[in-house]
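Here is the file entry-v6.cif (mmCIF, C-alpha atoms and all ligand atoms).
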```cif
data_start
loop_
_atom_site.label_atom_id
_atom_site.label_comp_id
_atom_site.auth_asym_id
_atom_site.auth_seq_id
_atom_site.Cartn_x
_atom_site.Cartn_y
_atom_site.Cartn_z
CA MET B 1 -32.27 30.34 111.33
CA ILE B 2 -31.17 33.31 113.44
CA PRO B 3 -33.60 33.75 116.34
CA VAL B 4 -34.21 37.14 117.93
CA THR B 5 -32.86 35.81 121.22
CA LYS B 6 -31.27 32.70 122.65
CA PRO B 7 -30.88 32.25 126.40
CA PHE B 8 -27.31 31.95 127.66
CA LEU B 9 -26.39 28.45 128.81
CA PRO B 10 -23.21 27.94 130.84
CA PRO B 11 -21.05 24.81 130.47
CA LYS B 12 -23.16 21.93 131.83
CA SER B 13 -20.33 20.73 134.06
CA GLU B 14 -20.43 24.00 136.02
CA TYR B 15 -24.16 23.62 136.71
CA GLN B 16 -23.64 19.96 137.58
CA VAL B 17 -21.44 20.92 140.55
CA TYR B 18 -24.38 22.72 142.12
CA LEU B 19 -26.76 19.86 141.27
CA ASP B 20 -24.49 17.43 143.13
CA GLY B 21 -24.85 19.60 146.23
CA ILE B 22 -28.65 19.71 145.88
CA TRP B 23 -28.73 15.90 145.66
CA GLU B 24 -26.54 15.59 148.75
CA ARG B 25 -28.66 17.95 150.84
CA ASN B 26 -32.03 17.11 149.27
CA TRP B 27 -32.99 20.70 150.00
CA GLN B 28 -34.78 21.78 146.84
CA THR B 29 -36.70 24.92 147.72
CA ASN B 30 -37.89 27.12 150.65
CA ASN B 31 -35.07 29.56 151.31
CA GLY B 32 -32.28 27.04 150.73
CA PRO B 33 -28.53 27.59 150.87
CA LEU B 34 -28.16 28.29 147.14
CA VAL B 35 -30.95 30.88 147.22
CA ASN B 36 -29.15 32.55 150.11
CA LYS B 37 -25.84 32.34 148.34
CA LEU B 38 -27.29 33.85 145.17
CA GLU B 39 -28.85 36.70 147.15
CA GLN B 40 -25.49 37.41 148.78
CA SER B 41 -23.62 37.23 145.48
CA LEU B 42 -26.05 39.56 143.73
CA LYS B 43 -25.95 42.07 146.57
CA GLY B 44 -22.16 42.06 146.28
CA TYR B 45 -22.21 42.38 142.49
CA LEU B 46 -24.73 45.21 142.51
CA GLY B 47 -23.53 46.95 145.66
CA MET B 48 -27.01 46.68 147.16
CA GLU B 49 -27.69 46.07 150.84
CA HIS B 50 -31.07 44.36 150.44
CA LEU B 51 -32.55 42.01 147.87
CA LEU B 52 -35.16 39.29 147.95
CA TYR B 53 -34.96 36.70 145.17
CA THR B 54 -38.43 35.86 143.84
CA GLY B 55 -40.06 33.33 141.53
CA ASN B 56 -40.17 35.75 138.61
CA GLY B 57 -40.19 39.43 137.73
CA THR B 58 -43.98 39.67 137.55
CA ILE B 59 -44.61 38.39 141.08
CA ALA B 60 -41.87 40.84 142.14
CA ILE B 61 -43.98 43.76 140.85
CA GLN B 62 -47.10 42.34 142.47
CA ILE B 63 -45.34 41.92 145.83
CA ALA B 64 -44.10 45.53 145.55
CA ILE B 65 -47.63 46.84 144.93
CA LYS B 66 -48.99 44.76 147.83
CA ALA B 67 -46.23 45.80 150.22
CA LEU B 68 -46.90 49.48 149.55
CA GLU B 69 -50.67 48.84 149.95
CA LEU B 70 -51.38 50.78 146.78
CA LYS B 71 -54.96 51.64 145.93
CA GLY B 72 -56.76 53.54 143.19
CA GLU B 73 -54.70 54.88 140.31
CA ILE B 74 -51.09 54.10 139.47
CA ILE B 75 -49.35 56.29 136.93
CA THR B 76 -47.37 54.15 134.51
CA THR B 77 -45.74 53.92 131.10
CA PRO B 78 -47.45 52.62 127.97
CA PHE B 79 -44.08 51.54 126.54
CA SER B 80 -43.05 48.38 128.39
CA TYR B 81 -43.71 44.69 128.53
CA VAL B 82 -47.31 43.79 129.36
CA ALA B 83 -46.38 42.52 132.85
CA THR B 84 -45.86 46.09 134.05
CA THR B 85 -49.50 46.97 133.41
CA SER B 86 -51.11 43.59 134.03
CA SER B 87 -49.59 43.53 137.53
CA ILE B 88 -51.30 46.83 138.33
CA VAL B 89 -54.64 45.49 137.12
CA TRP B 90 -54.10 42.12 138.86
CA GLU B 91 -53.64 43.99 142.14
CA GLY B 92 -56.97 45.77 141.69
CA CYS B 93 -55.53 49.16 140.77
CA LYS B 94 -56.12 51.28 137.71
CA PRO B 95 -53.23 52.06 135.34
CA VAL B 96 -53.10 55.67 134.20
CA PHE B 97 -50.80 55.99 131.22
CA VAL B 98 -48.46 58.93 130.82
CA ASP B 99 -46.68 59.42 127.51
CA ILE B 100 -42.97 58.82 126.96
CA ASP B 101 -39.95 60.91 126.14
CA PRO B 102 -39.06 60.03 122.52
CA SER B 103 -35.31 60.06 123.13
CA THR B 104 -35.28 57.53 125.99
CA CYS B 105 -38.66 55.81 125.41
CA ASN B 106 -39.24 56.16 129.18
CA ILE B 107 -42.14 57.89 130.94
CA ASP B 108 -41.88 61.67 130.46
CA PRO B 109 -41.68 63.27 133.93
CA GLN B 110 -42.94 66.58 132.55
CA LYS B 111 -46.27 64.93 131.76
CA ILE B 112 -46.74 63.16 135.09
CA GLU B 113 -48.18 65.99 137.20
CA ALA B 114 -51.08 66.57 134.82
CA ALA B 115 -52.15 62.95 135.33
CA ILE B 116 -52.19 63.08 139.15
CA THR B 117 -55.66 63.01 140.73
CA PRO B 118 -56.85 62.58 144.34
CA HIS B 119 -56.95 58.82 143.60
CA THR B 120 -53.30 58.51 142.53
CA SER B 121 -51.25 56.38 144.93
CA ALA B 122 -48.02 55.70 143.04
CA ILE B 123 -45.85 55.92 139.94
CA LEU B 124 -44.70 52.63 138.39
CA ALA B 125 -42.12 53.32 135.70
CA THR B 126 -39.98 50.99 133.57
CA HIS B 127 -36.32 51.61 132.71
CA VAL B 128 -37.08 50.42 129.21
CA TYR B 129 -34.19 48.78 127.27
CA GLY B 130 -32.13 49.36 130.43
CA ILE B 131 -32.22 53.14 129.88
CA PRO B 132 -32.64 54.85 133.25
CA CYS B 133 -35.81 56.86 133.86
CA ASP B 134 -35.26 60.41 135.01
CA VAL B 135 -35.21 59.13 138.59
CA GLU B 136 -34.49 62.50 140.16
CA ALA B 137 -37.43 64.26 138.50
CA ILE B 138 -39.74 61.36 139.31
CA ASP B 139 -38.60 61.39 142.95
CA ARG B 140 -39.25 65.12 143.21
CA ILE B 141 -42.78 64.75 141.86
CA ALA B 142 -43.49 61.78 144.12
CA THR B 143 -42.28 63.62 147.22
CA LYS B 144 -44.28 66.73 146.35
CA HIS B 145 -47.51 64.75 145.88
CA ASN B 146 -46.87 62.11 148.52
CA LEU B 147 -46.82 59.23 146.03
CA LYS B 148 -44.92 55.94 146.22
CA VAL B 149 -42.51 54.96 143.44
CA ILE B 150 -41.84 51.51 142.01
CA TYR B 151 -39.35 50.96 139.22
CA ASP B 152 -39.68 47.95 136.94
CA GLY B 153 -35.98 47.29 136.34
CA ALA B 154 -36.47 44.06 134.40
CA HIS B 155 -34.12 45.35 131.67
CA ALA B 156 -31.73 47.27 133.86
CA PHE B 157 -29.50 44.72 135.59
CA GLY B 158 -26.08 46.25 136.32
CA VAL B 159 -27.01 49.77 135.21
CA ARG B 160 -25.93 52.60 137.54
CA VAL B 161 -27.10 56.16 138.08
CA ASN B 162 -24.85 58.64 139.94
CA GLY B 163 -22.50 55.76 140.74
CA LYS B 164 -25.22 53.72 142.49
CA SER B 165 -27.15 50.70 141.28
CA ILE B 166 -30.30 51.76 139.50
CA PHE B 167 -32.11 49.35 141.80
CA SER B 168 -31.43 51.71 144.72
CA TYR B 169 -33.99 54.21 143.40
CA GLY B 170 -37.70 54.35 144.23
CA ASP B 171 -39.41 52.94 147.32
CA ILE B 172 -39.05 49.54 145.67
CA SER B 173 -37.28 48.42 142.52
CA THR B 174 -37.98 45.11 140.86
CA THR B 175 -36.14 43.07 138.29
CA SER B 176 -36.49 39.89 136.25
CA PHE B 177 -34.04 37.03 135.84
CA HIS B 178 -36.02 35.35 133.08
CA ALA B 179 -34.04 33.25 130.60
CA THR B 180 -34.18 35.99 127.96
CA LYS B 181 -32.70 38.65 130.20
CA VAL B 182 -29.01 39.65 130.30
CA PHE B 183 -28.48 37.89 133.63
CA HIS B 184 -30.82 34.97 134.20
CA THR B 185 -31.79 32.13 136.50
CA ILE B 186 -34.16 30.50 133.95
CA GLU B 187 -37.16 31.93 135.83
CA GLY B 188 -36.60 34.43 138.60
CA GLY B 189 -36.85 37.98 139.78
CA GLY B 190 -36.02 40.27 142.63
CA VAL B 191 -37.28 43.11 144.80
CA PHE B 192 -35.01 45.79 146.24
CA THR B 193 -35.68 48.40 148.90
CA SER B 194 -33.60 50.34 151.38
CA GLN B 195 -36.50 50.52 153.88
CA PRO B 196 -36.15 47.72 156.49
CA GLU B 197 -39.89 47.53 157.31
CA LEU B 198 -40.76 47.18 153.63
CA LEU B 199 -38.12 44.49 153.23
CA GLN B 200 -39.51 42.54 156.15
CA LYS B 201 -43.05 42.90 154.82
CA MET B 202 -42.01 41.66 151.37
CA ALA B 203 -40.20 38.72 152.95
CA PHE B 204 -43.50 37.71 154.60
CA LEU B 205 -45.47 38.33 151.40
CA ARG B 206 -43.05 36.15 149.41
CA ASN B 207 -43.58 33.15 151.69
CA PHE B 208 -47.35 32.87 152.28
CA GLY B 209 -47.08 35.28 155.23
CA HIS B 210 -45.29 32.61 157.28
CA ASP B 211 -43.78 33.97 160.49
CA GLY B 212 -42.56 30.61 161.73
CA PRO B 213 -44.41 27.34 161.10
CA GLU B 214 -47.58 28.22 163.02
CA ARG B 215 -47.81 31.99 162.82
CA PHE B 216 -48.79 34.20 159.91
CA ASN B 217 -48.13 37.84 159.26
CA GLY B 218 -50.62 39.20 156.73
CA VAL B 219 -51.85 37.56 153.54
CA GLY B 220 -48.96 36.24 151.49
CA ILE B 221 -48.40 34.51 148.18
CA ASN B 222 -45.91 31.95 146.91
CA GLY B 223 -43.23 34.23 145.51
CA LYS B 224 -40.28 31.99 146.34
CA ASN B 225 -37.73 30.47 144.02
CA SER B 226 -35.94 27.12 144.03
CA GLU B 227 -32.42 25.83 144.55
CA PHE B 228 -32.28 24.73 140.91
CA HIS B 229 -32.98 28.26 139.70
CA ALA B 230 -30.55 29.79 142.17
CA ALA B 231 -27.94 27.29 140.95
CA MET B 232 -28.34 28.57 137.40
CA GLY B 233 -27.86 32.11 138.65
CA LEU B 234 -24.72 31.18 140.57
CA THR B 235 -23.38 29.40 137.51
CA ASN B 236 -24.16 32.30 135.19
CA LEU B 237 -22.94 35.16 137.35
CA PRO B 238 -19.18 34.61 136.76
CA HIS B 239 -19.89 34.65 133.00
CA LEU B 240 -21.59 38.03 133.17
CA PRO B 241 -18.54 40.23 132.43
CA ALA B 242 -17.91 38.25 129.23
CA ILE B 243 -21.61 38.38 128.31
CA LEU B 244 -21.72 42.16 128.75
CA GLN B 245 -18.50 42.67 126.83
CA LYS B 246 -19.80 40.55 123.94
CA ARG B 247 -23.13 42.41 123.82
CA ARG B 248 -21.33 45.72 123.74
CA GLU B 249 -19.17 44.60 120.80
CA GLN B 250 -22.18 43.14 118.99
CA SER B 251 -24.16 46.37 119.44
CA GLU B 252 -21.29 48.47 118.13
CA PHE B 253 -20.82 46.12 115.18
CA TYR B 254 -24.52 46.40 114.28
CA LYS B 255 -24.25 50.18 114.35
CA SER B 256 -21.34 50.09 111.93
CA LEU B 257 -23.17 47.65 109.63
CA LEU B 258 -26.30 49.80 109.61
CA SER B 259 -24.62 53.21 109.43
CA SER B 260 -25.95 53.95 105.92
CA LEU B 261 -29.61 53.44 106.91
CA PRO B 262 -32.00 56.23 107.88
CA ILE B 263 -32.70 54.77 111.32
CA THR B 264 -32.20 56.07 114.84
CA TYR B 265 -31.55 54.51 118.23
CA PRO B 266 -32.84 55.20 121.73
CA ALA B 267 -30.27 57.20 123.71
CA THR B 268 -27.95 54.73 125.45
CA SER B 269 -24.51 56.29 125.03
CA GLN B 270 -24.13 58.10 128.37
CA ILE B 271 -25.35 55.29 130.63
CA GLU B 272 -23.10 53.98 133.43
CA GLY B 273 -22.84 50.21 133.34
CA TYR B 274 -25.08 49.95 130.28
CA ASN B 275 -25.99 46.31 129.63
CA TYR B 276 -26.95 46.24 125.91
CA CYS B 277 -29.98 44.11 126.76
CA TYR B 278 -31.70 44.68 123.42
CA PHE B 279 -30.81 46.15 120.04
CA PRO B 280 -33.80 48.35 119.14
CA ILE B 281 -33.78 50.34 115.91
CA ILE B 282 -36.30 53.03 115.07
CA PHE B 283 -37.38 53.33 111.43
CA ARG B 284 -38.70 56.50 109.89
CA SER B 285 -42.07 54.95 109.10
CA GLU B 286 -44.08 51.88 109.99
CA SER B 287 -44.08 50.77 106.36
CA ALA B 288 -40.27 50.81 106.32
CA LEU B 289 -40.35 48.67 109.45
CA LEU B 290 -42.86 46.23 107.99
CA GLN B 291 -40.92 45.78 104.77
CA SER B 292 -37.64 45.32 106.62
CA LYS B 293 -39.26 42.88 109.02
CA SER B 294 -40.64 40.72 106.24
CA ALA B 295 -37.28 40.81 104.43
CA LEU B 296 -35.62 39.50 107.62
CA GLU B 297 -38.29 36.86 108.13
CA ASP B 298 -37.95 35.71 104.51
CA GLN B 299 -34.32 34.95 105.34
CA ASN B 300 -35.26 33.14 108.56
CA ILE B 301 -33.98 35.95 110.72
CA GLY B 302 -36.00 36.63 113.84
CA CYS B 303 -36.86 40.12 115.03
CA ARG B 304 -39.46 41.46 117.37
CA ARG B 305 -41.65 44.56 117.58
CA TYR B 306 -40.63 45.34 121.14
CA PHE B 307 -42.79 47.12 122.30
CA TYR B 308 -45.85 47.02 120.13
CA PRO B 309 -48.74 47.53 120.59
CA GLY B 310 -48.54 50.22 123.28
CA LEU B 311 -50.05 49.03 126.57
CA ASN B 312 -52.47 51.97 126.55
CA THR B 313 -54.12 50.42 123.50
CA LEU B 314 -54.94 47.12 125.25
CA ASP B 315 -58.18 46.44 127.08
CA TYR B 316 -57.10 48.08 130.31
CA THR B 317 -58.72 51.44 129.52
CA GLY B 318 -56.71 53.90 127.57
CA GLY B 319 -55.17 57.26 127.99
CA ALA B 320 -53.84 59.06 124.93
CA CYS B 321 -50.10 58.60 124.45
CA PRO B 322 -49.36 59.87 120.95
CA VAL B 323 -45.56 59.74 121.28
CA SER B 324 -45.59 56.15 122.50
CA ASP B 325 -48.23 55.15 119.94
CA GLU B 326 -46.09 56.55 117.19
CA ILE B 327 -42.72 55.15 118.31
CA SER B 328 -44.17 51.73 119.03
CA THR B 329 -45.19 51.44 115.36
CA ARG B 330 -41.61 52.09 114.20
CA VAL B 331 -39.35 50.20 116.60
CA LEU B 332 -37.89 46.77 115.93
CA CYS B 333 -35.43 44.70 117.97
CA LEU B 334 -32.76 42.77 116.06
CA PRO B 335 -31.23 39.43 117.11
CA LEU B 336 -28.87 39.80 120.06
CA TYR B 337 -27.52 36.94 122.15
CA HIS B 338 -24.18 35.66 123.39
CA SER B 339 -23.57 33.05 120.69
CA LEU B 340 -24.58 35.33 117.78
CA THR B 341 -21.59 35.41 115.40
CA LYS B 342 -20.15 38.30 113.40
CA GLU B 343 -21.08 36.44 110.21
CA GLU B 344 -24.68 36.20 111.36
CA GLN B 345 -24.71 39.88 112.22
CA GLU B 346 -23.32 40.64 108.76
CA ARG B 347 -26.20 38.67 107.22
CA VAL B 348 -28.72 40.66 109.26
CA GLY B 349 -27.02 43.87 108.13
CA GLU B 350 -27.00 42.84 104.47
CA VAL B 351 -30.69 41.94 104.48
CA LEU B 352 -31.60 45.27 106.05
CA VAL B 353 -29.42 47.29 103.67
CA LEU B 354 -30.87 45.41 100.68
CA ALA B 355 -34.40 45.90 101.96
CA TYR B 356 -33.72 49.59 102.26
CA GLU B 357 -32.40 49.74 98.68
CA SER B 358 -35.72 48.40 97.44
CA ILE B 359 -37.83 50.83 99.44
CA LYS B 360 -35.58 53.85 99.03
CA GLY B 361 -37.32 56.73 97.32
CA LYS B 362 -40.68 55.47 98.49
CA ASP B 363 -42.35 56.14 101.81
CA VAL B 364 -39.21 55.48 103.83
CA LEU B 365 -37.93 58.96 103.09
CA LYS B 366 -41.22 60.58 104.00
CA LYS B 367 -40.71 61.65 107.58
CA THR B 368 -43.85 60.60 109.44
C1 LIG V 1 -39.46 40.37 131.43
C2 LIG V 1 -40.20 41.54 131.96
C3 LIG V 1 -41.08 41.47 133.05
C4 LIG V 1 -41.52 40.15 133.63
O1 LIG V 1 -40.55 39.37 134.14
P1 LIG V 1 -40.79 37.79 134.27
O2 LIG V 1 -39.61 37.35 135.06
O3 LIG V 1 -40.84 37.22 132.90
O4 LIG V 1 -42.07 37.60 135.03
C5 LIG V 1 -41.62 42.62 133.57
N1 LIG V 1 -41.36 43.82 133.01
C6 LIG V 1 -40.56 43.94 131.93
C7 LIG V 1 -40.30 45.30 131.39
C8 LIG V 1 -39.99 42.81 131.36
O5 LIG V 1 -39.23 42.93 130.25
#
```

structure tokens encoding of this file:
Amino acid sequence: MIPVTKPFLPPKSEYQVYLDGIWERNWQTNNGPLVNKLEQSLKGYLGMEHLLYTGNGTIAIQIAIKALELKGEIITTPFSYVATTSSIVWEGCKPVFVDIDPSTCNIDPQKIEAAITPHTSAILATHVYGIPCDVEAIDRIATKHNLKVIYDGAHAFGVRVNGKSIFSYGDISTTSFHATKVFHTIEGGGVFTSQPELLQKMAFLRNFGHDGPERFNGVGINGKNSEFHAAMGLTNLPHLPAILQKRREQSEFYKSLLSSLPITYPATSQIEGYNYCYFPIIFRSESALLQSKSALEDQNIGCRRYFYPGLNTLDYTGGACPVSDEISTRVLCLPLYHSLTKEEQERVGEVLVLAYESIKGKDVLKKT
């Protein structure tokens, strides 16, 4: 069995060191020393001045929406994980989907202005697969129309744009440290902003609005995270360079194994600090994808239609996004995780090449 993903686990003895400290202090949650240490370490790693560590990446988006007091319509991408859209709906706003650029799979800035109405309050875009959105174009549009910008950077840990962390863009950027992400704390997330008032507001929102034991500042939520989760982050962080190096090699190896297939890839080659968080391949047709997928599954190889179906097709109310609709039917993510071996990758490659042999000459060559 080759799963599509397998969370990284550090040597147990390294985690144990942090557990010993937790037992000594009996300080398990509520802004403890390991949470503080993780926040400091991540700020150093990313070169960011401000970061609040949260319970997960979804509550991070919700805190961002609350902090900016967004109302009405939020322009967003149909091509992301469901949490991007469900957070908008959960916060009582209406998602308005704008189609994607087929080369990056990110929201297409050229289509944003047509979707702006008097009710639009913000743009919430995802750096999908860790590929940066066109942050400069989005910023220009937001400034012109007086809109706030949130970036869902759940896939984008470590990525840089113009030499700066991608998390420095937008009014607020969020990320996820879920176990399946490149850098993880089992569950976890973060919010980033360079605006001190927003940071303070999000700090209150994250902790029930507590401003001391007896005073409250606004209506908060429990968006905190625990010492045990922070400990996993602190244990994993020193392994990150090796993890990124491995993922890069694995991605390049896949490309060489699959070089004879009529598939394409989202554009990742020019990205600073690219993190190889997924290995998406784009088939020429949905039927080629479906046949390849069942060939993989017959051999007990996991794969995932990330992202399918498009979020604009769920119950949230639609918005036509033909490019996203079309790409989402043809994209498949292959297994990618730290302990995946070259031999396993070769098996994945062989199954895909064989599957293609059997469908060659049929619909796979018909460009859709
Ligand atoms: C993983 C993910 C989230 C949610 O993060 P959690 O930490 O699982 O809550 C949000 N957006 C995207 C794009 C994601 O991939």

>> Using all atoms listed in the file, which residues of the polymer chains come no farther than 8 Å from ligand LIG 1 (chain V)? I'd like the answer as a PyMOL selection string.
In response: chain B and resi 55-61+80-84+126-128+152-155+175-178+180-181+187-189

>> Nearest residue to Tyr278 of chain B out of B:Thr5, B:Ser259, B:Thr143, B:Asn300, using only C-alpha atoms?
In response: B:Thr5

> Looking at B:Glu113, B:Glu272, B:Asp139, B:Asp108, which one is nearest to Val159 of chain B, with distances taken over all atoms listed in the file?
Replying inline: B:Glu272

Determine, for each residue of segment 102-157 of chain B having at least one atom at most 12 Å from an atom of segment 304-319 of chain B, the closest pair of atoms and their separation in Å to one decimal, counting all atoms listed in the file; order by chain and ascending number, as a Markdown table.
```
| residue | atom | partner | partner_atom | distance |
| --- | --- | --- | --- | --- |
| B:Cys105 | CA | B:Phe307 | CA | 10.1 |
| B:Asn106 | CA | B:Phe307 | CA | 11.9 |
| B:Ala115 | CA | B:Gly319 | CA | 9.8 |
| B:Val128 | CA | B:Phe307 | CA | 9.6 |
| B:Tyr129 | CA | B:Tyr306 | CA | 9.5 |
```

>> List as number ranges by chain the protein and nucleic acid residues near Leu340 of chain B, meaning an atom at most 9 Å away when only C-alpha atoms are counted, but skip any in the same chain fewer than 6 places from it.
In response: B: 2, 5-6, 250

>> Please report the interatomic distance between atom CA of Pro238 of chain B and atom CA of Lys224 of chain B in Å with one decimal.
In response: 23.3 Å

> For Phe216 of chain B, which of B:Ala203, B:Val135, B:Val17, B:Ile107 is the closest residue, counting all atoms listed in the file?
Replying inline: B:Ala203

>> So the first atom is atom CA of Lys71 of chain B and the second is atom CA of Val219 of chain B; what is the distance between them in Å, to one decimal place?
In response: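 According to the coordinates, atom CA of Lys71 of chain B and atom CA of Val219 of chain B are separated by 16.3 Å.
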
Would you mind exporting segment 326-334 of chain B with all heavy atoms, as an mmCIF file, in the first residue's frame?
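Everything below was put into decode.cif:
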```cif
data_model
loop_
_atom_site.group_PDB
_atom_site.id
_atom_site.type_symbol
_atom_site.label_atom_id
_atom_site.label_comp_id
_atom_site.auth_asym_id
_atom_site.auth_seq_id
_atom_site.Cartn_x
_atom_site.Cartn_y
_atom_site.Cartn_z
ATOM 1 N N GLU B 326 -13.125 22.935 -15.459
ATOM 2 C CA GLU B 326 -12.509 22.051 -16.429
ATOM 3 C C GLU B 326 -11.212 21.459 -15.845
ATOM 4 O O GLU B 326 -10.998 20.243 -15.896
ATOM 5 C CB GLU B 326 -12.246 22.901 -17.679
ATOM 6 C CG GLU B 326 -12.274 22.133 -18.972
ATOM 7 C CD GLU B 326 -10.919 21.579 -19.245
ATOM 8 O OE1 GLU B 326 -9.925 22.286 -18.988
ATOM 9 O OE2 GLU B 326 -10.863 20.426 -19.686
ATOM 10 N N ILE B 327 -10.389 22.294 -15.254
ATOM 11 C CA ILE B 327 -9.115 21.783 -14.694
ATOM 12 C C ILE B 327 -9.385 20.829 -13.532
ATOM 13 O O ILE B 327 -8.721 19.801 -13.386
ATOM 14 C CB ILE B 327 -8.204 22.955 -14.270
ATOM 15 C CG1 ILE B 327 -7.666 23.613 -15.538
ATOM 16 C CG2 ILE B 327 -7.057 22.463 -13.371
ATOM 17 C CD1 ILE B 327 -6.516 24.537 -15.351
ATOM 18 N N SER B 328 -10.383 21.154 -12.725
ATOM 19 C CA SER B 328 -10.626 20.292 -11.561
ATOM 20 C C SER B 328 -11.038 18.871 -11.979
ATOM 21 O O SER B 328 -10.845 17.939 -11.210
ATOM 22 C CB SER B 328 -11.655 20.917 -10.614
ATOM 23 O OG SER B 328 -12.896 20.991 -11.241
ATOM 24 N N THR B 329 -11.561 18.702 -13.186
ATOM 25 C CA THR B 329 -11.904 17.344 -13.631
ATOM 26 C C THR B 329 -10.674 16.564 -14.104
ATOM 27 O O THR B 329 -10.745 15.357 -14.303
ATOM 28 C CB THR B 329 -12.911 17.349 -14.808
ATOM 29 O OG1 THR B 329 -12.299 18.005 -15.923
ATOM 30 C CG2 THR B 329 -14.207 18.029 -14.427
ATOM 31 N N ARG B 330 -9.538 17.268 -14.299
ATOM 32 C CA ARG B 330 -8.391 16.598 -14.924
ATOM 33 C C ARG B 330 -7.157 16.531 -14.043
ATOM 34 O O ARG B 330 -6.102 16.093 -14.480
ATOM 35 C CB ARG B 330 -8.024 17.347 -16.229
ATOM 36 C CG ARG B 330 -9.090 17.304 -17.288
ATOM 37 C CD ARG B 330 -8.585 17.826 -18.618
ATOM 38 N NE ARG B 330 -8.474 19.276 -18.676
ATOM 39 C CZ ARG B 330 -7.358 19.932 -18.977
ATOM 40 N NH1 ARG B 330 -6.244 19.268 -19.256
ATOM 41 N NH2 ARG B 330 -7.331 21.244 -18.999
ATOM 42 N N VAL B 331 -7.251 17.020 -12.803
ATOM 43 C CA VAL B 331 -6.038 17.098 -11.985
ATOM 44 C C VAL B 331 -6.037 16.007 -10.906
ATOM 45 O O VAL B 331 -7.070 15.721 -10.290
ATOM 46 C CB VAL B 331 -5.880 18.509 -11.374
ATOM 47 C CG1 VAL B 331 -6.996 18.857 -10.418
ATOM 48 C CG2 VAL B 331 -4.523 18.654 -10.684
ATOM 49 N N LEU B 332 -4.880 15.408 -10.724
ATOM 50 C CA LEU B 332 -4.740 14.314 -9.765
ATOM 51 C C LEU B 332 -3.415 14.485 -9.021
ATOM 52 O O LEU B 332 -2.379 14.742 -9.638
ATOM 53 C CB LEU B 332 -4.717 12.978 -10.522
ATOM 54 C CG LEU B 332 -4.760 11.705 -9.667
ATOM 55 C CD1 LEU B 332 -6.139 11.549 -9.008
ATOM 56 C CD2 LEU B 332 -4.469 10.472 -10.525
ATOM 57 N N CYS B 333 -3.454 14.330 -7.694
ATOM 58 C CA CYS B 333 -2.217 14.409 -6.912
ATOM 59 C C CYS B 333 -1.693 13.003 -6.623
ATOM 60 O O CYS B 333 -2.436 12.116 -6.191
ATOM 61 C CB CYS B 333 -2.452 15.169 -5.606
ATOM 62 S SG CYS B 333 -2.622 16.940 -5.869
ATOM 63 N N LEU B 334 -0.408 12.827 -6.874
ATOM 64 C CA LEU B 334 0.248 11.525 -6.662
ATOM 65 C C LEU B 334 0.829 11.459 -5.247
ATOM 66 O O LEU B 334 1.022 12.481 -4.597
ATOM 67 C CB LEU B 334 1.367 11.346 -7.689
ATOM 68 C CG LEU B 334 0.941 11.343 -9.156
ATOM 69 C CD1 LEU B 334 2.146 11.014 -10.045
ATOM 70 C CD2 LEU B 334 -0.190 10.344 -9.409
#
```
